[in-house]
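Read through the structure below, which is laid out as structure tokens, and then see the notes.
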Amino acid sequence: MLGKVESDFAAAEDGPDNGTTPDMLPLAKTVARLRAEIADLEDLVSMTAVVERAKGIIMQQAHLTADAAYELLLARADHRHRTLVEECWIILGQTSRDFAAEPRRDLRAGGDAPPAGDVSPFGAEQYLTTSRAGADRPTFLADLAESLTGARTPHEVAGLLWTTLHASESVDAVMIYVRSSAGNLELTGHAGIDDALAEQWSSIPPLAGVAPVDALTEGRPLWLEEPEQDAARYRLVEDPARPWSSRAWIPLPGEQPAATAVGVLRRLAAPFDTATRSRLLRAVRLCAGALGGGSRREAADLDRESADAVQGVFDVLPGPAVLLQPVYAETGVVEDYRIEAAATESVDVAGRRGRELVGHSILEMYPTVAGTALWDGYLATLTTGTVYESGPFDYEEVASGVPRRSSYSVRASRLGSRLAVSWIRHDGSEQETRRLADLQRLGNLGWVKWDLTTNTVVWSEQVYIIFGRDPDRGPMTLEELPEHVVPGDVPSLGTAVRRLLDGGAAIDLPCRITGAYGVRHVRIVAETRTDADGVPVEVHGFVQDLTALRDAENALVKSERALLVQRGVLQAERVLAARLREALLPVPEQRTELAGLCVHVSYVPADTGVNVGGDWYSALELADGGALFVVGDVAGHGLAAVGAMAQLRFTGKGMAITGSALPEVLKRLNTLLLRTAEGSYATTATMVIARYHPRLRRLTWASAGHPPPLLIRDGRAVFLPQPVGLLLGAARDFRYDQATIDLLPGDRLLFYTDGLVEERGEDIDEGMERLAETALGLLRADPGAPLASALAGLRPHPRDDICVLDIHVPHPAG
């Protein structure tokens, strides 16, 4: 297409009588003007980069401002009758020679630099591009660039590279391979090797495992610095007489796919450091033009006006822009536009960005734009070549089903048969700013940017809040940072800073800082942005306050530790309580005869976690021939409940044996629990105590809030009326009563604890009725059945202890 435009342009210049349409003349002039502008911009960019580097050195050496350094450069160039660019190149070359001839010095003070190991990683000056200018822009690059203008063959290029790099980078040989149409690599240039070795390696088949072949296949440099390991992996280009200890194979940039590889071979047994790699890459990049790649290829692409070339421009273009190809209907009318290239910041309604837009159409993204003033403006620009610029207009788009109105200004210009369109969204910046502010506030994080060219640091508002720093003081410098970091974290932070700014590796590490709000736990994430030569020119990242998260984690850890300790205590308590209960009640089930009565006892302990209960029983013969029966239940579970049970059991039994009245026994036990509660553990208990007189067959009993005994006589089951009695430990100076019943032959009397009759969510009266019915049913089936074990066995895994005391009055013998 561009060739047609050029021919039309030439024809248009010959005059209007050569058959050229009048519309082609403006188009040809536009193409010529754009080409001239591009050339001017390329020259300006190249000159600006050189001037800025030289200006930085002057600022560093003479302690001048940027404007003063620029004026000094102009004055020097005018005084010595040189151009500004020439003077800048000379400044760069002199600085690099100073570095090469002498040990590296501090240019500000003129003294020797301290050893690298003694340099603080927080010295910002060592990372600035102005400080690196002398070391990173050696004069040999300028000399090489000037010499390459006269190089005509790859062999001459190899010789220039070898001559230039031999002294400065210890390069002993250079080899240049080009991939042929058959796929072989052909040696087209070499220096530093003899003809025999060149003949031996003149052609390399396209086999994997050969270093230059793999470098071209992978499209990236290969740095071979370990001879033994490299020899095991690759077939190496080798000189048997004087082997090379380190070598690099660098594809020529700008070729797609890579077809030219430059080999740099050294006998120096040392790795390529970062600075050396950067210089070698730049040296090879300078050779691209002389070897037929790089800028020549890009220029050819621009001459062909390909969409790929435009996309390459768009990739570095700030702001949104697209290249549109008209789509014509059969009638010749433009019915749509297809996107052939898109800038990175171009975004459509669906969220597609940059190159993701390529191949889509305008009406696909903005279906209602057809027939609008914008659409007519595109057609006018495509037809006449005049630039279309719209004023701000509103456009309503639908995103995720939600309509949203935005304001745009659009600019369109014709580029050959296509349209180059850029636009500004007037409300977008405000929305993005608000969203970014919300993100920082909700995530408690803020962004940081450090320009290594101007030494300018910028913080977002949230970073000031995290550090507790007054915004009027401005952001802190790198040198200030260690003062706000907990001393134990400074070494790891310093290592990360050096890794970031020297090696370019992104960092993501936790750190503790001190400030107005005390010690804060933060997360620091950062990466660098480099220039075309791989030199870091900017650091950007974010700082996030994780204090609340760390506090929650610490609280959780403490809670888990306390839980483990408590679990161990409860387990030990359960074991101890169970052993104590077994010692106090060694027989869970027994049958005995006391005072002419048959007594069955059954005890079923609860077996759930640490719920060791305090139920107990006593059945013993008194000195007067009578019998004492006791069933009790201490409230609660665990060691305290078992201890209270033991205290009540033995104290009550002792008082009853010595002849104390039953109400008096309960009264004193009540006082005992109340006094015990004053010093330590407050508890309550229920208890039923009975004394049997065998001569009268009379049972006297008293109760302290315990379930009533169940009497089974003549096929009927009734609960005995309760004498007055409040549970133990509930009130002071309470008076207990007793009741009396005469037992008859065949009677069955049951004392029990509430674990036998209580069910969760059920009234205890229902449980007592069920007990009476169950007991009658068992006796009907077997009149001599042991009720204690039978009733307790109906609930093998109770939630509470079960204790049953079954008293049977036998019939007289004979």
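Lettering and numbering for the structure tokens are positional, with chains as A, B, ... in the shown order, residues counted from 1 in each chain, and ligands counted from 1 in the shown order.
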
message = I'd like to know which residues of segment 594-729 of chain A are alpha helix (DSSP H) (by DSSP, run on the backbone); could you write them as a ChimeraX atom specification?
response = /A:639-657,662-679

When you count only C-alpha atoms, which of these residues is closest to Ala145 of chain A: A:Arg713, A:Arg282, A:Arg355, A:His706?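 Nearest candidate to Ala145 of chain A out of A:Arg713, A:Arg282, A:Arg355, A:His706: A:Arg282.
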
### Message
Give me the residues near Phe650 of chain A as a PyMOL selection string, where near means some atom within 12 Å (using only C-alpha atoms) and where sequence neighbours in that chain fewer than 2 positions away do not count.
### Response
chain A and resi 584-585+616-618+630+632+643-648+652-657+665+669

Residue subset to file, keeping all heavy atoms, as a compact mmCIF listing (two decimals), in the first residue's frame:
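Saved the output as part28.txt:
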# COMPACT_ATOMS: atom_id res chain seq x y z
N LEU A 584 -13.54 -44.86 95.82
CA LEU A 584 -14.64 -44.66 96.77
C LEU A 584 -15.76 -45.66 96.57
O LEU A 584 -16.41 -46.10 97.52
CB LEU A 584 -15.20 -43.24 96.63
CG LEU A 584 -14.21 -42.10 96.96
CD1 LEU A 584 -14.83 -40.77 96.61
CD2 LEU A 584 -13.80 -42.15 98.43
N LEU A 585 -16.04 -46.02 95.32
CA LEU A 585 -17.12 -46.96 94.98
C LEU A 585 -16.52 -48.09 94.16
O LEU A 585 -16.71 -48.16 92.94
CB LEU A 585 -18.23 -46.25 94.20
CG LEU A 585 -18.89 -45.06 94.92
CD1 LEU A 585 -19.80 -44.32 93.96
CD2 LEU A 585 -19.67 -45.53 96.13
N TRP A 616 -23.33 -41.20 94.56
CA TRP A 616 -22.77 -42.21 95.47
C TRP A 616 -23.88 -42.95 96.20
O TRP A 616 -25.06 -42.53 96.15
CB TRP A 616 -21.80 -41.56 96.45
CG TRP A 616 -22.43 -40.99 97.70
CD1 TRP A 616 -22.59 -41.61 98.89
CD2 TRP A 616 -22.99 -39.69 97.87
NE1 TRP A 616 -23.20 -40.80 99.80
CE2 TRP A 616 -23.45 -39.60 99.19
CE3 TRP A 616 -23.15 -38.59 97.01
CZ2 TRP A 616 -24.07 -38.45 99.69
CZ3 TRP A 616 -23.73 -37.46 97.52
CH2 TRP A 616 -24.20 -37.39 98.84
N TYR A 617 -23.50 -44.05 96.84
CA TYR A 617 -24.43 -44.83 97.63
C TYR A 617 -23.68 -45.43 98.81
O TYR A 617 -22.46 -45.56 98.78
CB TYR A 617 -25.09 -45.95 96.81
CG TYR A 617 -24.11 -47.02 96.39
CD1 TYR A 617 -23.90 -48.13 97.21
CD2 TYR A 617 -23.40 -46.93 95.19
CE1 TYR A 617 -22.99 -49.12 96.84
CE2 TYR A 617 -22.50 -47.91 94.82
CZ TYR A 617 -22.30 -49.00 95.65
OH TYR A 617 -21.40 -49.97 95.31
N SER A 618 -24.41 -45.79 99.82
CA SER A 618 -23.89 -46.54 100.98
C SER A 618 -24.97 -47.49 101.46
O SER A 618 -26.16 -47.12 101.52
CB SER A 618 -23.49 -45.60 102.14
OG SER A 618 -22.38 -44.82 101.80
N VAL A 630 -27.94 -44.96 102.04
CA VAL A 630 -27.75 -43.58 101.57
C VAL A 630 -27.58 -43.59 100.06
O VAL A 630 -26.83 -44.41 99.52
CB VAL A 630 -26.51 -42.92 102.22
CG1 VAL A 630 -26.37 -41.46 101.74
CG2 VAL A 630 -26.59 -42.97 103.73
N GLY A 632 -26.92 -40.41 97.11
CA GLY A 632 -26.75 -38.97 96.94
C GLY A 632 -26.23 -38.60 95.57
O GLY A 632 -25.73 -39.44 94.81
N GLY A 643 -14.81 -34.82 94.79
CA GLY A 643 -14.33 -34.46 96.12
C GLY A 643 -15.46 -34.14 97.07
O GLY A 643 -15.45 -34.56 98.25
N ALA A 644 -16.46 -33.40 96.59
CA ALA A 644 -17.61 -33.09 97.44
C ALA A 644 -18.37 -34.36 97.79
O ALA A 644 -18.88 -34.53 98.92
CB ALA A 644 -18.51 -32.09 96.72
N MET A 645 -18.49 -35.27 96.83
CA MET A 645 -19.17 -36.54 97.08
C MET A 645 -18.48 -37.31 98.20
O MET A 645 -19.12 -37.83 99.12
CB MET A 645 -19.19 -37.37 95.80
CG MET A 645 -19.82 -38.74 95.94
SD MET A 645 -18.61 -40.06 96.32
CE MET A 645 -17.81 -40.23 94.73
N ALA A 646 -17.15 -37.38 98.16
CA ALA A 646 -16.41 -38.11 99.18
C ALA A 646 -16.61 -37.48 100.55
O ALA A 646 -16.78 -38.17 101.57
CB ALA A 646 -14.93 -38.14 98.82
N GLN A 647 -16.59 -36.16 100.58
CA GLN A 647 -16.77 -35.45 101.84
C GLN A 647 -18.14 -35.73 102.44
O GLN A 647 -18.28 -36.04 103.64
CB GLN A 647 -16.58 -33.94 101.60
CG GLN A 647 -16.53 -33.11 102.86
CD GLN A 647 -16.30 -31.65 102.52
OE1 GLN A 647 -16.83 -31.15 101.53
NE2 GLN A 647 -15.52 -30.97 103.33
N LEU A 648 -19.17 -35.65 101.61
CA LEU A 648 -20.53 -35.89 102.10
C LEU A 648 -20.73 -37.35 102.50
O LEU A 648 -21.37 -37.66 103.52
CB LEU A 648 -21.55 -35.49 101.03
CG LEU A 648 -21.65 -33.99 100.71
CD1 LEU A 648 -22.61 -33.78 99.55
CD2 LEU A 648 -22.11 -33.19 101.92
N GLY A 652 -21.39 -37.92 106.39
CA GLY A 652 -22.76 -38.33 106.71
C GLY A 652 -22.81 -39.73 107.30
O GLY A 652 -23.55 -40.00 108.26
N LYS A 653 -22.04 -40.65 106.74
CA LYS A 653 -22.03 -42.02 107.26
C LYS A 653 -21.51 -42.04 108.69
O LYS A 653 -22.03 -42.77 109.56
CB LYS A 653 -21.20 -42.91 106.34
CG LYS A 653 -21.24 -44.37 106.73
CD LYS A 653 -20.66 -45.24 105.62
CE LYS A 653 -19.19 -44.96 105.38
NZ LYS A 653 -18.59 -45.93 104.42
N GLY A 654 -20.48 -41.23 108.96
CA GLY A 654 -19.93 -41.21 110.30
C GLY A 654 -20.92 -40.70 111.32
O GLY A 654 -21.04 -41.26 112.43
N MET A 655 -21.63 -39.62 110.96
CA MET A 655 -22.61 -39.07 111.91
C MET A 655 -23.75 -40.04 112.13
O MET A 655 -24.27 -40.20 113.25
CB MET A 655 -23.12 -37.72 111.39
CG MET A 655 -22.09 -36.60 111.49
SD MET A 655 -22.79 -34.99 111.12
CE MET A 655 -23.14 -35.19 109.38
N ALA A 656 -24.22 -40.71 111.06
CA ALA A 656 -25.34 -41.65 111.20
C ALA A 656 -24.95 -42.85 112.05
O ALA A 656 -25.74 -43.35 112.87
CB ALA A 656 -25.82 -42.09 109.82
N ILE A 657 -23.74 -43.33 111.89
CA ILE A 657 -23.30 -44.50 112.67
C ILE A 657 -23.23 -44.15 114.15
O ILE A 657 -23.52 -44.98 115.01
CB ILE A 657 -21.94 -44.98 112.14
CG1 ILE A 657 -22.10 -45.61 110.75
CG2 ILE A 657 -21.31 -45.98 113.10
CD1 ILE A 657 -20.81 -46.02 110.10
N VAL A 665 -28.31 -34.97 110.71
CA VAL A 665 -27.23 -35.29 109.76
C VAL A 665 -27.32 -34.39 108.53
O VAL A 665 -26.32 -33.81 108.08
CB VAL A 665 -27.29 -36.78 109.36
CG1 VAL A 665 -26.30 -37.06 108.22
CG2 VAL A 665 -27.00 -37.66 110.56
N LEU A 669 -24.62 -31.53 107.29
CA LEU A 669 -24.01 -31.62 105.94
C LEU A 669 -24.28 -30.36 105.12
O LEU A 669 -23.42 -29.91 104.35
CB LEU A 669 -24.54 -32.85 105.20
CG LEU A 669 -24.10 -34.20 105.75
CD1 LEU A 669 -24.75 -35.33 104.94
CD2 LEU A 669 -22.59 -34.36 105.74

Pairwise distance, atom CA of Gln738 of chain A with atom CA of Arg691 of chain A, equals 10.7 Å

field: Interatomic distance (Å, one decimal) between atom CA of Glu335 of chain A and atom CA of Gly371 of chain A
entry: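 Value for the atom CA of Glu335 of chain A-atom CA of Gly371 of chain A distance: 10.5 Å.
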
Find, counting only C-alpha atoms, the residue in A:Gly515, A:Gly638, A:Gly504, A:Pro154 that gets nearest to Leu570 of chain A.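 So, comparing all the options, the nearest one is A:Gly638.
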
Query raised in the report: Which is closer to Thr528 of chain A than all the others in A:Leu452, A:Ala516, A:Ala321, A:Leu672, using only C-alpha atoms?
Result: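 The shortest atom-to-atom distance to Thr528 of chain A comes from A:Leu452.
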
Item checked: Top pick for closest residue to Ile741 of chain A, considering A:Pro271, A:Gly416, A:Gly385, A:Pro709 and counting only C-alpha atoms ->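 Among the listed residues, the smallest separation from Ile741 of chain A belongs to A:Pro709.
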
Exercise: Val284 of chain A partners within 10 Å, only C-alpha atoms, chain neighbours under 4 positions left out, as a VMD selection string: chain A and resid 157 161 250 to 253 261 to 264 279 to 280 288 to 289 291

For the residues in that selection, give me all heavy atoms as an mmCIF file, in the first residue's frame.
data_model
loop_
_atom_site.group_PDB
_atom_site.id
_atom_site.type_symbol
_atom_site.label_atom_id
_atom_site.label_comp_id
_atom_site.auth_asym_id
_atom_site.auth_seq_id
_atom_site.Cartn_x
_atom_site.Cartn_y
_atom_site.Cartn_z
ATOM 1 N N VAL A 157 32.178 -6.771 11.125
ATOM 2 C CA VAL A 157 31.469 -6.524 12.382
ATOM 3 C C VAL A 157 32.087 -7.352 13.506
ATOM 4 O O VAL A 157 32.301 -6.864 14.621
ATOM 5 C CB VAL A 157 29.968 -6.845 12.229
ATOM 6 C CG1 VAL A 157 29.257 -6.771 13.581
ATOM 7 C CG2 VAL A 157 29.325 -5.891 11.234
ATOM 8 N N LEU A 161 33.780 -5.927 16.945
ATOM 9 C CA LEU A 161 33.337 -6.362 18.271
ATOM 10 C C LEU A 161 34.505 -6.910 19.079
ATOM 11 O O LEU A 161 34.669 -6.594 20.273
ATOM 12 C CB LEU A 161 32.246 -7.443 18.135
ATOM 13 C CG LEU A 161 30.818 -6.968 17.953
ATOM 14 C CD1 LEU A 161 29.904 -8.167 17.718
ATOM 15 C CD2 LEU A 161 30.340 -6.175 19.162
ATOM 16 N N ILE A 250 24.199 -14.684 21.864
ATOM 17 C CA ILE A 250 23.184 -13.633 21.963
ATOM 18 C C ILE A 250 22.469 -13.497 20.623
ATOM 19 O O ILE A 250 23.099 -13.158 19.614
ATOM 20 C CB ILE A 250 23.823 -12.286 22.359
ATOM 21 C CG1 ILE A 250 24.619 -12.444 23.661
ATOM 22 C CG2 ILE A 250 22.768 -11.203 22.502
ATOM 23 C CD1 ILE A 250 25.437 -11.220 24.028
ATOM 24 N N PRO A 251 21.153 -13.766 20.562
ATOM 25 C CA PRO A 251 20.418 -13.555 19.308
ATOM 26 C C PRO A 251 20.367 -12.070 18.956
ATOM 27 O O PRO A 251 20.285 -11.205 19.833
ATOM 28 C CB PRO A 251 19.018 -14.094 19.616
ATOM 29 C CG PRO A 251 19.166 -14.921 20.844
ATOM 30 C CD PRO A 251 20.300 -14.324 21.620
ATOM 31 N N LEU A 252 20.390 -11.778 17.691
ATOM 32 C CA LEU A 252 20.305 -10.397 17.231
ATOM 33 C C LEU A 252 18.889 -9.883 17.469
ATOM 34 O O LEU A 252 17.914 -10.510 17.028
ATOM 35 C CB LEU A 252 20.658 -10.326 15.739
ATOM 36 C CG LEU A 252 21.047 -8.946 15.202
ATOM 37 C CD1 LEU A 252 22.373 -8.513 15.800
ATOM 38 C CD2 LEU A 252 21.149 -8.989 13.670
ATOM 39 N N PRO A 253 18.735 -8.774 18.183
ATOM 40 C CA PRO A 253 17.379 -8.276 18.445
ATOM 41 C C PRO A 253 16.724 -7.727 17.180
ATOM 42 O O PRO A 253 17.400 -7.322 16.229
ATOM 43 C CB PRO A 253 17.617 -7.155 19.466
ATOM 44 C CG PRO A 253 19.014 -6.706 19.208
ATOM 45 C CD PRO A 253 19.765 -7.928 18.786
ATOM 46 N N ALA A 261 22.970 -15.155 15.422
ATOM 47 C CA ALA A 261 23.464 -15.313 16.790
ATOM 48 C C ALA A 261 24.913 -14.848 16.846
ATOM 49 O O ALA A 261 25.729 -15.234 16.007
ATOM 50 C CB ALA A 261 23.371 -16.760 17.251
ATOM 51 N N VAL A 262 25.214 -14.000 17.834
ATOM 52 C CA VAL A 262 26.570 -13.498 18.036
ATOM 53 C C VAL A 262 27.155 -14.224 19.242
ATOM 54 O O VAL A 262 26.587 -14.194 20.336
ATOM 55 C CB VAL A 262 26.577 -11.980 18.272
ATOM 56 C CG1 VAL A 262 27.989 -11.493 18.543
ATOM 57 C CG2 VAL A 262 25.973 -11.252 17.078
ATOM 58 N N GLY A 263 28.282 -14.896 19.051
ATOM 59 C CA GLY A 263 28.942 -15.614 20.132
ATOM 60 C C GLY A 263 30.103 -14.825 20.697
ATOM 61 O O GLY A 263 30.930 -14.316 19.941
ATOM 62 N N VAL A 264 30.153 -14.685 22.022
ATOM 63 C CA VAL A 264 31.228 -13.983 22.723
ATOM 64 C C VAL A 264 31.919 -15.008 23.602
ATOM 65 O O VAL A 264 31.294 -15.586 24.493
ATOM 66 C CB VAL A 264 30.674 -12.820 23.568
ATOM 67 C CG1 VAL A 264 31.792 -12.160 24.353
ATOM 68 C CG2 VAL A 264 29.983 -11.799 22.676
ATOM 69 N N ARG A 279 26.288 -4.609 29.071
ATOM 70 C CA ARG A 279 27.140 -4.000 28.038
ATOM 71 C C ARG A 279 27.233 -4.888 26.798
ATOM 72 O O ARG A 279 27.236 -4.394 25.665
ATOM 73 C CB ARG A 279 28.519 -3.707 28.624
ATOM 74 C CG ARG A 279 28.516 -2.552 29.615
ATOM 75 C CD ARG A 279 29.944 -2.132 29.966
ATOM 76 N NE ARG A 279 30.591 -3.080 30.859
ATOM 77 C CZ ARG A 279 30.567 -3.000 32.178
ATOM 78 N NH1 ARG A 279 29.923 -2.013 32.754
ATOM 79 N NH2 ARG A 279 31.204 -3.884 32.922
ATOM 80 N N LEU A 280 27.299 -6.194 26.992
ATOM 81 C CA LEU A 280 27.357 -7.084 25.828
ATOM 82 C C LEU A 280 26.053 -7.045 25.032
ATOM 83 O O LEU A 280 26.067 -7.054 23.796
ATOM 84 C CB LEU A 280 27.656 -8.514 26.290
ATOM 85 C CG LEU A 280 29.057 -8.762 26.871
ATOM 86 C CD1 LEU A 280 29.185 -10.207 27.334
ATOM 87 C CD2 LEU A 280 30.138 -8.429 25.848
ATOM 88 N N ALA A 288 23.050 -4.587 15.127
ATOM 89 C CA ALA A 288 21.885 -5.082 14.394
ATOM 90 C C ALA A 288 21.766 -4.441 13.024
ATOM 91 O O ALA A 288 21.465 -5.104 12.027
ATOM 92 C CB ALA A 288 20.619 -4.845 15.222
ATOM 93 N N GLY A 289 22.016 -3.122 12.964
ATOM 94 C CA GLY A 289 21.894 -2.453 11.672
ATOM 95 C C GLY A 289 22.912 -2.948 10.664
ATOM 96 O O GLY A 289 22.590 -3.218 9.503
ATOM 97 N N LEU A 291 24.345 -5.795 10.577
ATOM 98 C CA LEU A 291 24.124 -7.199 10.231
ATOM 99 C C LEU A 291 22.792 -7.430 9.527
ATOM 100 O O LEU A 291 22.410 -8.567 9.278
ATOM 101 C CB LEU A 291 24.197 -8.066 11.496
ATOM 102 C CG LEU A 291 25.576 -8.128 12.162
ATOM 103 C CD1 LEU A 291 25.489 -8.915 13.469
ATOM 104 C CD2 LEU A 291 26.595 -8.771 11.233
#

**OP:** Name all residues at most 12 Å from Asp615 of chain A (count only C-alpha atoms; drop same-chain ones fewer than 3 positions away) and give them as JSON, numbers by chain.
**Re:** {"A": [581, 582, 584, 585, 588, 602, 603, 604, 605, 606, 611, 612, 618, 630, 631, 632, 633, 634, 635, 636, 637, 638, 641, 642, 643, 644, 645, 646, 648, 649, 685, 686, 687, 688, 706, 752, 753, 754, 755, 756, 800, 801, 802, 803, 804]}

Serialized selection, C-alpha atoms, as a PDB file, in the first residue's frame:
ATOM      1  CA  ARG A 581     -14.504 -42.512  92.263  1.00  0.00           C
ATOM      2  CA  GLU A 582     -13.344 -46.068  91.677  1.00  0.00           C
ATOM      3  CA  LEU A 584     -14.638 -44.659  96.774  1.00  0.00           C
ATOM      4  CA  LEU A 585     -17.121 -46.960  94.979  1.00  0.00           C
ATOM      5  CA  PRO A 588     -20.374 -50.997  90.524  1.00  0.00           C
ATOM      6  CA  SER A 602     -26.115 -50.997  90.642  1.00  0.00           C
ATOM      7  CA  TYR A 603     -23.934 -48.040  89.656  1.00  0.00           C
ATOM      8  CA  VAL A 604     -23.497 -46.936  86.013  1.00  0.00           C
ATOM      9  CA  PRO A 605     -21.154 -43.935  85.573  1.00  0.00           C
ATOM     10  CA  ALA A 606     -21.553 -41.515  82.706  1.00  0.00           C
ATOM     11  CA  ASN A 611     -18.147 -35.610  82.813  1.00  0.00           C
ATOM     12  CA  VAL A 612     -17.184 -37.695  85.849  1.00  0.00           C
ATOM     13  CA  SER A 618     -23.887 -46.538 100.981  1.00  0.00           C
ATOM     14  CA  VAL A 630     -27.753 -43.579 101.573  1.00  0.00           C
ATOM     15  CA  VAL A 631     -28.049 -42.398  97.942  1.00  0.00           C
ATOM     16  CA  GLY A 632     -26.754 -38.969  96.945  1.00  0.00           C
ATOM     17  CA  ASP A 633     -25.941 -36.810  93.937  1.00  0.00           C
ATOM     18  CA  VAL A 634     -23.547 -33.844  93.894  1.00  0.00           C
ATOM     19  CA  ALA A 635     -24.321 -31.160  91.295  1.00  0.00           C
ATOM     20  CA  GLY A 636     -21.770 -30.824  88.521  1.00  0.00           C
ATOM     21  CA  HIS A 637     -19.002 -33.052  87.251  1.00  0.00           C
ATOM     22  CA  GLY A 638     -15.293 -33.417  87.526  1.00  0.00           C
ATOM     23  CA  ALA A 641     -17.861 -32.987  92.301  1.00  0.00           C
ATOM     24  CA  VAL A 642     -16.072 -36.216  93.230  1.00  0.00           C
ATOM     25  CA  GLY A 643     -14.330 -34.462  96.119  1.00  0.00           C
ATOM     26  CA  ALA A 644     -17.608 -33.086  97.439  1.00  0.00           C
ATOM     27  CA  MET A 645     -19.168 -36.535  97.081  1.00  0.00           C
ATOM     28  CA  ALA A 646     -16.410 -38.111  99.184  1.00  0.00           C
ATOM     29  CA  LEU A 648     -20.531 -35.891 102.104  1.00  0.00           C
ATOM     30  CA  ARG A 649     -20.446 -39.659 101.939  1.00  0.00           C
ATOM     31  CA  ALA A 685     -26.150 -31.860  96.424  1.00  0.00           C
ATOM     32  CA  THR A 686     -29.291 -33.955  96.831  1.00  0.00           C
ATOM     33  CA  MET A 687     -29.402 -36.868  99.246  1.00  0.00           C
ATOM     34  CA  VAL A 688     -31.763 -39.454 100.713  1.00  0.00           C
ATOM     35  CA  HIS A 706     -33.737 -35.917  96.278  1.00  0.00           C
ATOM     36  CA  TYR A 752     -32.157 -43.908  92.882  1.00  0.00           C
ATOM     37  CA  THR A 753     -30.502 -40.779  91.427  1.00  0.00           C
ATOM     38  CA  ASP A 754     -32.028 -38.486  88.833  1.00  0.00           C
ATOM     39  CA  GLY A 755     -29.882 -39.933  86.036  1.00  0.00           C
ATOM     40  CA  LEU A 756     -32.354 -42.843  85.945  1.00  0.00           C
ATOM     41  CA  ASP A 800     -25.432 -38.603  83.876  1.00  0.00           C
ATOM     42  CA  ASP A 801     -24.435 -41.141  86.533  1.00  0.00           C
ATOM     43  CA  ILE A 802     -27.086 -43.697  87.543  1.00  0.00           C
ATOM     44  CA  CYS A 803     -27.221 -45.203  91.014  1.00  0.00           C
ATOM     45  CA  VAL A 804     -30.033 -47.634  92.003  1.00  0.00           C
TER      46      VAL A 804
END

Practice prompt. Just the residues within 7 Å of Leu787 of chain A, please, counting only C-alpha atoms, with nothing from its chain fewer than 4 positions along; format it as a PyMOL selection string.
Written response: chain A and resi 775+791+806

How about saving the chosen residues, C-alpha atoms kept, as an mmCIF file, in the first residue's frame?
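The resulting file, out.cif, is reproduced below:
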data_model
loop_
_atom_site.group_PDB
_atom_site.id
_atom_site.type_symbol
_atom_site.label_atom_id
_atom_site.label_comp_id
_atom_site.auth_asym_id
_atom_site.auth_seq_id
_atom_site.Cartn_x
_atom_site.Cartn_y
_atom_site.Cartn_z
ATOM 1 C CA ALA A 775 -40.341 -51.684 87.398
ATOM 2 C CA LEU A 791 -33.288 -50.753 85.464
ATOM 3 C CA ASP A 806 -33.134 -52.029 95.452
#

* Asked: Quick one: of A:Val316, A:Ala437, A:Val327, A:Ile807, who's nearest to Leu363 of chain A, counting only C-alpha atoms?
  ->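 Closest to Leu363 of chain A, using only C-alpha atoms: A:Val327.
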
Atomic separation - atom CA of Leu620 of chain A relative to atom CA of Leu749 of chain A, Å: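 Separation between atom CA of Leu749 of chain A and atom CA of Leu620 of chain A: 16.2 Å.
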
Just want the 8 Å neighbourhood of Pro510 of chain A, counted on only C-alpha atoms, with same-chain residues fewer than 5 positions away dropped. Output as a CSV table (one decimal) with all heavy atoms, in the first residue's frame.
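To be explicit, this is the file written out as out_2.csv:
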chain,number,residue,atom,x,y,z
A,521,HIS,N,2.9,-4.3,61.6
A,521,HIS,CA,3.3,-5.4,60.7
A,521,HIS,C,2.9,-5.0,59.3
A,521,HIS,O,1.7,-4.8,59.0
A,521,HIS,CB,2.7,-6.7,61.1
A,521,HIS,CG,3.2,-7.3,62.4
A,521,HIS,ND1,4.2,-8.2,62.5
A,521,HIS,CD2,2.8,-7.0,63.6
A,521,HIS,CE1,4.4,-8.5,63.7
A,521,HIS,NE2,3.6,-7.8,64.5
A,522,VAL,N,3.9,-4.9,58.4
A,522,VAL,CA,3.5,-4.5,57.0
A,522,VAL,C,4.1,-5.5,56.0
A,522,VAL,O,5.0,-6.3,56.3
A,522,VAL,CB,4.1,-3.1,56.7
A,522,VAL,CG1,3.5,-2.1,57.6
A,522,VAL,CG2,5.6,-3.1,56.7
A,523,ARG,N,3.5,-5.5,54.8
A,523,ARG,CA,4.0,-6.3,53.7
A,523,ARG,C,4.5,-5.3,52.6
A,523,ARG,O,3.8,-4.3,52.3
A,523,ARG,CB,2.9,-7.1,53.1
A,523,ARG,CG,3.2,-7.9,51.8
A,523,ARG,CD,2.0,-8.5,51.2
A,523,ARG,NE,2.3,-9.2,50.0
A,523,ARG,CZ,1.4,-9.6,49.1
A,523,ARG,NH1,0.1,-9.2,49.3
A,523,ARG,NH2,1.7,-10.2,48.0
A,524,ILE,N,5.8,-5.5,52.2
A,524,ILE,CA,6.4,-4.6,51.2
A,524,ILE,C,6.5,-5.4,49.9
A,524,ILE,O,7.2,-6.4,49.9
A,524,ILE,CB,7.7,-4.1,51.7
A,524,ILE,CG1,7.5,-3.3,53.0
A,524,ILE,CG2,8.4,-3.2,50.6
A,524,ILE,CD1,8.8,-2.7,53.5
